[in-house]
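Novice: File follows, start.cif with mmCIF, C-alpha atoms:
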data_input
loop_
_atom_site.label_atom_id
_atom_site.label_comp_id
_atom_site.auth_asym_id
_atom_site.auth_seq_id
_atom_site.Cartn_x
_atom_site.Cartn_y
_atom_site.Cartn_z
CA MET A 1 100.03 103.35 116.64
CA GLU A 2 101.17 100.17 118.25
CA ASN A 3 104.69 99.67 119.52
CA GLN A 4 107.11 97.60 117.50
CA LYS A 5 108.11 94.29 119.00
CA VAL A 6 111.77 93.71 119.85
CA SER A 7 112.83 90.28 118.65
CA ASP A 8 115.44 89.92 121.38
CA VAL A 9 115.96 92.23 124.36
CA ILE A 10 119.72 91.67 124.11
CA PHE A 11 119.71 93.67 120.86
CA MET A 12 118.63 96.76 122.78
CA ASN A 13 122.19 96.99 124.16
CA ASP A 14 123.57 97.45 120.62
CA ARG A 15 123.70 101.16 119.72
CA ASN A 16 123.42 100.50 115.96
CA TYR A 17 120.34 98.32 116.48
CA VAL A 18 118.65 100.98 118.63
CA ASN A 19 119.37 103.72 116.06
CA GLY A 20 117.96 101.58 113.24
CA TYR A 21 114.95 100.72 115.37
CA LYS A 22 114.24 104.41 115.99
CA LYS A 23 114.66 105.30 112.31
CA GLN A 24 112.25 102.57 111.27
CA ALA A 25 109.68 103.67 113.85
CA ARG A 26 109.95 107.29 112.69
CA LYS A 27 109.50 106.29 109.03
CA LYS A 28 106.33 104.39 109.91
CA LYS A 29 104.97 107.33 111.91
CA VAL A 30 105.69 109.86 109.16
CA LYS A 31 104.14 107.60 106.53
CA LYS A 32 100.93 107.24 108.55
CA THR A 33 100.79 110.99 109.21
CA LEU A 34 101.22 111.85 105.53
CA ALA A 35 98.61 109.28 104.53
CA GLY A 36 96.11 110.84 106.94
CA PHE A 37 96.89 114.32 105.68
CA GLY A 38 96.51 113.19 102.07
CA ALA A 39 93.16 111.57 102.79
CA ALA A 40 91.89 114.72 104.52
CA ALA A 41 93.08 116.90 101.64
CA GLY A 42 91.32 114.60 99.18
CA VAL A 43 88.05 114.75 101.08
CA TYR A 44 88.33 118.53 101.28
CA ALA A 45 89.01 118.78 97.53
CA ILE A 46 86.00 116.59 96.74
CA GLY A 47 83.88 118.79 99.01
CA ILE A 48 84.98 121.87 97.10
CA ILE A 49 84.25 120.25 93.75
CA LEU A 50 80.85 118.84 94.72
CA PHE A 51 79.52 121.54 97.01
CA GLY A 52 81.51 124.59 95.97
CA LEU A 53 82.59 125.31 99.54
#
Rewrite the coordinates I just gave you, this time as structure tokens.
Specialist:
Amino acid sequence: MENQKVSDVIFMNDRNYVNGYKKQARKKKVKKTLAGFGAAAGVYAIGIILFGL
């Protein structure tokens, strides 16, 4: 996962900006993790259906 770009380094001194930045980064990370888990579960389910594993 690539790092988010800060539009202006001065914003990093603002506590509200930093908190929002962290929340947004966490949302992106969780979304990617859940997408990966969902894809793996789908592949596993198809394997069970097709091959009776």
Novice: Which distance in Å separates atom CA of A:Gly36 and atom CA of A:Tyr21, to one decimal?
Specialist: 23.0 Å
Novice: Figure out the distance between atom CA of A:Lys28 and atom CA of A:Gly47, please, to one decimal in Å.
Specialist: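 Result for atom CA of A:Gly47 versus atom CA of A:Lys28: 28.8 Å, one decimal.
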Novice: Quick one, how far is atom CA of A:Val43 from atom CA of A:Lys27?
Specialist: 24.4 Å
Novice: List the spatial neighbours of A:Phe11 as a tab-separated table (two decimals) with C-alpha atoms, keeping the file's coordinate frame - criterion: any atom at most 12 Å away, only C-alpha atoms, same-chain residues fewer than 6 positions off excluded.
Specialist:
chain	number	residue	atom	x	y	z
A	5	LYS	CA	108.11	94.29	119.00
A	17	TYR	CA	120.34	98.32	116.48
A	18	VAL	CA	118.65	100.98	118.63
A	19	ASN	CA	119.37	103.72	116.06
A	20	GLY	CA	117.96	101.58	113.24
A	21	TYR	CA	114.95	100.72	115.37
Novice: Show me, as AutoDock Vina command-line options, the centre and edge lengths in Å to one decimal of the axis-aligned box that covers every listed atom of stretch 5-24 of chain A with 4 Å on each side.
Specialist:
--center_x 115.9 --center_y 97.6 --center_z 117.8 --size_x 23.6 --size_y 23.4 --size_z 21.1
Novice: Please fill the gaps in stretch 9-42 of chain A so it has N, CA and C atoms, and write that as a PDB file, keeping the file's coordinate frame.
Specialist:
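In the end it all went to selection_30.pdb:
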ATOM      1  N   VAL A   9     115.629  91.095 123.488  1.00  0.00           N
ATOM      2  CA  VAL A   9     115.960  92.230 124.360  1.00  0.00           C
ATOM      3  C   VAL A   9     117.462  92.498 124.374  1.00  0.00           C
ATOM      4  N   ILE A  10     118.264  91.501 124.129  1.00  0.00           N
ATOM      5  CA  ILE A  10     119.720  91.670 124.110  1.00  0.00           C
ATOM      6  C   ILE A  10     120.135  92.679 123.038  1.00  0.00           C
ATOM      7  N   PHE A  11     119.383  92.733 121.929  1.00  0.00           N
ATOM      8  CA  PHE A  11     119.710  93.670 120.860  1.00  0.00           C
ATOM      9  C   PHE A  11     119.609  95.121 121.313  1.00  0.00           C
ATOM     10  N   MET A  12     118.814  95.384 122.329  1.00  0.00           N
ATOM     11  CA  MET A  12     118.630  96.760 122.780  1.00  0.00           C
ATOM     12  C   MET A  12     119.916  97.339 123.383  1.00  0.00           C
ATOM     13  N   ASN A  13     120.899  96.515 123.670  1.00  0.00           N
ATOM     14  CA  ASN A  13     122.190  96.990 124.160  1.00  0.00           C
ATOM     15  C   ASN A  13     123.109  97.441 123.027  1.00  0.00           C
ATOM     16  N   ASP A  14     122.768  97.095 121.789  1.00  0.00           N
ATOM     17  CA  ASP A  14     123.570  97.450 120.620  1.00  0.00           C
ATOM     18  C   ASP A  14     123.123  98.821 120.097  1.00  0.00           C
ATOM     19  N   ARG A  15     124.021  99.790 120.119  1.00  0.00           N
ATOM     20  CA  ARG A  15     123.700 101.160 119.720  1.00  0.00           C
ATOM     21  C   ARG A  15     123.205 101.232 118.275  1.00  0.00           C
ATOM     22  N   ASN A  16     123.832 100.485 117.373  1.00  0.00           N
ATOM     23  CA  ASN A  16     123.420 100.500 115.960  1.00  0.00           C
ATOM     24  C   ASN A  16     121.996  99.953 115.800  1.00  0.00           C
ATOM     25  N   TYR A  17     121.677  98.917 116.542  1.00  0.00           N
ATOM     26  CA  TYR A  17     120.340  98.320 116.480  1.00  0.00           C
ATOM     27  C   TYR A  17     119.299  99.336 116.974  1.00  0.00           C
ATOM     28  N   VAL A  18     119.596 100.008 118.060  1.00  0.00           N
ATOM     29  CA  VAL A  18     118.650 100.980 118.630  1.00  0.00           C
ATOM     30  C   VAL A  18     118.439 102.138 117.659  1.00  0.00           C
ATOM     31  N   ASN A  19     119.510 102.624 117.037  1.00  0.00           N
ATOM     32  CA  ASN A  19     119.370 103.720 116.060  1.00  0.00           C
ATOM     33  C   ASN A  19     118.534 103.288 114.866  1.00  0.00           C
ATOM     34  N   GLY A  20     118.764 102.101 114.356  1.00  0.00           N
ATOM     35  CA  GLY A  20     117.960 101.580 113.240  1.00  0.00           C
ATOM     36  C   GLY A  20     116.511 101.395 113.637  1.00  0.00           C
ATOM     37  N   TYR A  21     116.297 100.932 114.836  1.00  0.00           N
ATOM     38  CA  TYR A  21     114.950 100.720 115.370  1.00  0.00           C
ATOM     39  C   TYR A  21     114.197 102.047 115.427  1.00  0.00           C
ATOM     40  N   LYS A  22     114.868 103.096 115.902  1.00  0.00           N
ATOM     41  CA  LYS A  22     114.240 104.410 115.990  1.00  0.00           C
ATOM     42  C   LYS A  22     113.947 104.979 114.611  1.00  0.00           C
ATOM     43  N   LYS A  23     114.871 104.802 113.665  1.00  0.00           N
ATOM     44  CA  LYS A  23     114.660 105.300 112.310  1.00  0.00           C
ATOM     45  C   LYS A  23     113.454 104.621 111.670  1.00  0.00           C
ATOM     46  N   GLN A  24     113.360 103.318 111.848  1.00  0.00           N
ATOM     47  CA  GLN A  24     112.250 102.570 111.270  1.00  0.00           C
ATOM     48  C   GLN A  24     110.918 103.019 111.882  1.00  0.00           C
ATOM     49  N   ALA A  25     110.895 103.226 113.181  1.00  0.00           N
ATOM     50  CA  ALA A  25     109.680 103.670 113.850  1.00  0.00           C
ATOM     51  C   ALA A  25     109.274 105.059 113.356  1.00  0.00           C
ATOM     52  N   ARG A  26     110.250 105.937 113.185  1.00  0.00           N
ATOM     53  CA  ARG A  26     109.950 107.290 112.690  1.00  0.00           C
ATOM     54  C   ARG A  26     109.410 107.250 111.270  1.00  0.00           C
ATOM     55  N   LYS A  27     109.990 106.407 110.400  1.00  0.00           N
ATOM     56  CA  LYS A  27     109.500 106.290 109.030  1.00  0.00           C
ATOM     57  C   LYS A  27     108.041 105.846 109.008  1.00  0.00           C
ATOM     58  N   LYS A  28     107.709 104.876 109.846  1.00  0.00           N
ATOM     59  CA  LYS A  28     106.330 104.390 109.910  1.00  0.00           C
ATOM     60  C   LYS A  28     105.391 105.497 110.374  1.00  0.00           C
ATOM     61  N   LYS A  29     105.804 106.257 111.366  1.00  0.00           N
ATOM     62  CA  LYS A  29     104.970 107.330 111.910  1.00  0.00           C
ATOM     63  C   LYS A  29     104.744 108.419 110.870  1.00  0.00           C
ATOM     64  N   VAL A  30     105.803 108.820 110.182  1.00  0.00           N
ATOM     65  CA  VAL A  30     105.690 109.860 109.160  1.00  0.00           C
ATOM     66  C   VAL A  30     104.793 109.390 108.021  1.00  0.00           C
ATOM     67  N   LYS A  31     104.947 108.135 107.618  1.00  0.00           N
ATOM     68  CA  LYS A  31     104.140 107.600 106.530  1.00  0.00           C
ATOM     69  C   LYS A  31     102.653 107.618 106.890  1.00  0.00           C
ATOM     70  N   LYS A  32     102.319 107.239 108.111  1.00  0.00           N
ATOM     71  CA  LYS A  32     100.930 107.240 108.550  1.00  0.00           C
ATOM     72  C   LYS A  32     100.389 108.666 108.635  1.00  0.00           C
ATOM     73  N   THR A  33     101.206 109.591 109.101  1.00  0.00           N
ATOM     74  CA  THR A  33     100.790 110.990 109.210  1.00  0.00           C
ATOM     75  C   THR A  33     100.513 111.567 107.830  1.00  0.00           C
ATOM     76  N   LEU A  34     101.416 111.324 106.880  1.00  0.00           N
ATOM     77  CA  LEU A  34     101.220 111.850 105.530  1.00  0.00           C
ATOM     78  C   LEU A  34     100.018 111.219 104.849  1.00  0.00           C
ATOM     79  N   ALA A  35      99.769 109.949 105.098  1.00  0.00           N
ATOM     80  CA  ALA A  35      98.610 109.280 104.530  1.00  0.00           C
ATOM     81  C   ALA A  35      97.319 109.915 105.066  1.00  0.00           C
ATOM     82  N   GLY A  36      97.285 110.199 106.339  1.00  0.00           N
ATOM     83  CA  GLY A  36      96.110 110.840 106.940  1.00  0.00           C
ATOM     84  C   GLY A  36      95.896 112.241 106.388  1.00  0.00           C
ATOM     85  N   PHE A  37      96.976 112.976 106.234  1.00  0.00           N
ATOM     86  CA  PHE A  37      96.890 114.320 105.680  1.00  0.00           C
ATOM     87  C   PHE A  37      96.409 114.275 104.237  1.00  0.00           C
ATOM     88  N   GLY A  38      96.926 113.335 103.469  1.00  0.00           N
ATOM     89  CA  GLY A  38      96.510 113.190 102.070  1.00  0.00           C
ATOM     90  C   GLY A  38      95.041 112.834 101.949  1.00  0.00           C
ATOM     91  N   ALA A  39      94.582 111.949 102.814  1.00  0.00           N
ATOM     92  CA  ALA A  39      93.160 111.570 102.790  1.00  0.00           C
ATOM     93  C   ALA A  39      92.282 112.767 103.136  1.00  0.00           C
ATOM     94  N   ALA A  40      92.675 113.538 104.132  1.00  0.00           N
ATOM     95  CA  ALA A  40      91.890 114.720 104.520  1.00  0.00           C
ATOM     96  C   ALA A  40      91.880 115.752 103.393  1.00  0.00           C
ATOM     97  N   ALA A  41      93.005 115.946 102.745  1.00  0.00           N
ATOM     98  CA  ALA A  41      93.080 116.900 101.640  1.00  0.00           C
ATOM     99  C   ALA A  41      92.192 116.440 100.479  1.00  0.00           C
ATOM    100  N   GLY A  42      92.170 115.138 100.237  1.00  0.00           N
ATOM    101  CA  GLY A  42      91.320 114.600  99.180  1.00  0.00           C
ATOM    102  C   GLY A  42      89.845 114.807  99.466  1.00  0.00           C
TER     103      GLY A  42
END
